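S.K.: Just so it is clear, I am handing over final-v6.cif, which has mmCIF, C-alpha atoms.
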```
data_entry
#
loop_
_atom_site.label_atom_id
_atom_site.label_comp_id
_atom_site.auth_asym_id
_atom_site.auth_seq_id
_atom_site.Cartn_x
_atom_site.Cartn_y
_atom_site.Cartn_z
CA MET A 25 120.15 56.35 110.11
CA TYR A 26 120.10 55.22 113.74
CA ASP A 27 120.66 51.92 115.51
CA ILE A 28 117.46 52.59 117.43
CA ALA A 29 114.63 55.11 117.16
CA ILE A 30 112.30 55.46 120.11
CA ILE A 31 108.88 57.01 119.63
CA GLY A 32 107.63 58.75 122.75
CA ALA A 33 109.59 60.44 125.55
CA GLY A 34 107.53 59.21 128.46
CA PRO A 35 109.18 57.20 131.26
CA ALA A 36 109.73 54.09 129.11
CA GLY A 37 110.99 55.98 126.07
CA LEU A 38 113.37 58.12 128.11
CA SER A 39 114.71 55.09 129.96
CA GLY A 40 115.18 53.19 126.71
CA ALA A 41 116.99 56.11 125.06
CA LEU A 42 119.33 56.56 128.03
CA ILE A 43 120.16 52.85 128.19
CA ALA A 44 120.65 52.54 124.41
CA ASP A 45 122.98 55.54 124.40
CA SER A 46 124.92 54.18 127.37
CA VAL A 47 125.80 51.01 125.45
CA GLY A 48 126.95 52.98 122.41
CA MET A 49 123.91 52.72 120.14
CA SER A 50 123.19 55.69 117.90
CA THR A 51 119.80 56.74 119.19
CA CYS A 52 117.02 59.17 118.41
CA LEU A 53 114.04 59.92 120.61
CA ILE A 54 110.98 61.35 118.89
CA GLU A 55 108.40 63.29 120.89
CA SER A 56 105.81 65.85 119.84
CA GLY A 57 104.60 66.67 123.35
CA PRO A 58 106.23 67.38 126.68
CA ILE A 59 109.22 65.35 127.84
CA GLY A 60 108.17 62.87 130.52
CA GLY A 61 104.57 62.64 129.36
CA THR A 62 101.98 62.68 132.12
CA VAL A 63 104.65 62.14 134.80
CA ALA A 64 105.37 65.87 134.53
CA LYS A 65 101.89 66.53 135.96
CA ILE A 66 102.16 64.24 139.00
CA GLY A 67 102.58 66.02 142.32
CA HIS A 68 104.20 63.17 144.23
CA VAL A 69 105.92 60.06 142.91
CA THR A 70 107.34 57.01 144.63
CA ASN A 71 110.59 56.80 142.74
CA PHE A 72 112.92 53.86 143.23
CA LEU A 73 115.66 55.14 140.89
CA SER A 74 116.52 58.46 142.54
CA ASP A 75 115.44 60.75 145.33
CA ALA A 76 113.15 62.83 143.09
CA THR A 77 109.77 63.18 144.77
CA THR A 78 107.64 65.07 142.24
CA GLY A 79 106.88 64.45 138.60
CA PRO A 80 108.41 67.75 137.43
CA GLU A 81 111.58 67.05 139.45
CA LEU A 82 111.89 63.57 137.94
CA VAL A 83 111.35 64.94 134.42
CA ALA A 84 114.03 67.60 135.01
CA ARG A 85 116.49 64.86 135.97
CA TRP A 86 115.58 62.82 132.90
CA GLN A 87 116.08 65.91 130.73
CA SER A 88 119.46 66.58 132.32
CA ALA A 89 120.53 62.97 131.76
CA LEU A 90 119.33 63.11 128.15
CA ASP A 91 121.25 66.35 127.57
CA ALA A 92 124.45 64.55 128.60
CA THR A 93 124.04 61.89 125.87
CA THR A 94 124.56 61.81 122.12
CA CYS A 95 120.89 60.88 121.64
CA ASP A 96 119.09 63.13 119.15
CA LEU A 97 115.80 64.48 120.50
CA ILE A 98 113.50 65.08 117.54
CA ARG A 99 110.52 67.29 118.34
CA ASP A 100 108.03 65.95 115.80
CA HIS A 101 105.15 63.54 115.34
CA VAL A 102 105.54 60.16 113.64
CA GLU A 103 102.81 59.71 111.06
CA GLY A 104 103.86 56.39 109.61
CA LEU A 105 106.36 53.55 109.51
CA SER A 106 107.33 51.44 106.54
CA PRO A 107 109.76 48.52 106.31
CA THR A 108 112.96 48.90 104.32
CA GLU A 109 115.71 46.48 103.40
CA ASN A 110 117.75 47.50 106.46
CA GLY A 111 115.09 48.34 109.03
CA TRP A 112 112.29 50.89 109.11
CA ARG A 113 111.61 54.31 107.62
CA MET A 114 109.65 56.83 109.65
CA GLN A 115 107.46 59.48 108.10
CA LEU A 116 107.44 62.58 110.30
CA ARG A 117 104.75 65.25 110.21
CA SER A 118 107.38 67.84 109.24
CA GLY A 119 108.39 65.74 106.24
#
```
What do you get writing this file as structure tokens?

M.R.:
Amino acid sequence: MYDIAIIGAGPAGLSGALIADSVGMSTCLIESGPIGGTVAKIGHVTNFLSDATTGPELVARWQSALDATTCDLIRDHVEGLSPTENGWRMQLRSG
């Protein structure tokens, strides 16, 4: 059970997970593909949040920041969501 579950570890998902963790929310980030999504393939980025200048460099910084949190990174694929009395239940491909 988590306060927040984020599906997708692209720029928005990573940012959301880092912010949620920073305010003390129990957080999981679910991603079946590469961390950073397509940003990892971009040769040059205009980045207002750090001095990273390439997609892979930015993704490496995100990964480092994520490693320093209590956020659980779940390497799986979400196949379904269903409402429960207290929130949502996710069905993962792995069961």

S.K.: May I ask which of the residues A:His68, A:Thr77, A:Thr93, A:Ile28 is the closest one to Arg113 in chain A, counting all atoms listed in the file?

M.R.: A:Ile28

S.K.: Need the shell around Asp100 in chain A: protein/DNA/RNA residues with any atom at most 7 Å away, counting all atoms listed in the file. Skip same-chain ones fewer than 5 positions apart. Format as a list in words?

M.R.: Ile54, Glu55, Ser56, Leu116, Arg117 and Ser118 of chain A

S.K.: Tell me which residues the PyMOL selection byres ((chain A and resi 43-51) around 10) grabs here, as JSON, numbers by chain.

M.R.: {"A": [25, 26, 27, 28, 29, 30, 37, 38, 39, 40, 41, 42, 52, 53, 54, 90, 93, 94, 95, 96, 97]}

S.K.: As an exercise, work out the distance from CA of Glu103 in chain A to CA of Ala33 in chain A in Å and give it to one decimal place.

M.R.: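 So the answer is 16.0 Å.
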
S.K.: Carefully work through the PyMOL selection byres ((chain A and resi 82) around 10) for this structure and note down the residues it includes, as an NGL selection string.

M.R.: :A and (35 or 60 or 63-64 or 66 or 68-69 or 71 or 73-81 or 83-88)

S.K.: As an exercise, work out the distance from CA of Gln115 in chain A to CA of His101 in chain A in Å and give it to one decimal place.

M.R.: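 Going from CA of Gln115 in chain A over to CA of His101 in chain A covers 8.6 Å.
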
S.K.: What is the distance, in Å and to one decimal place, between CA of Gly119 in chain A and CA of Gly104 in chain A?

M.R.: 10.9 Å
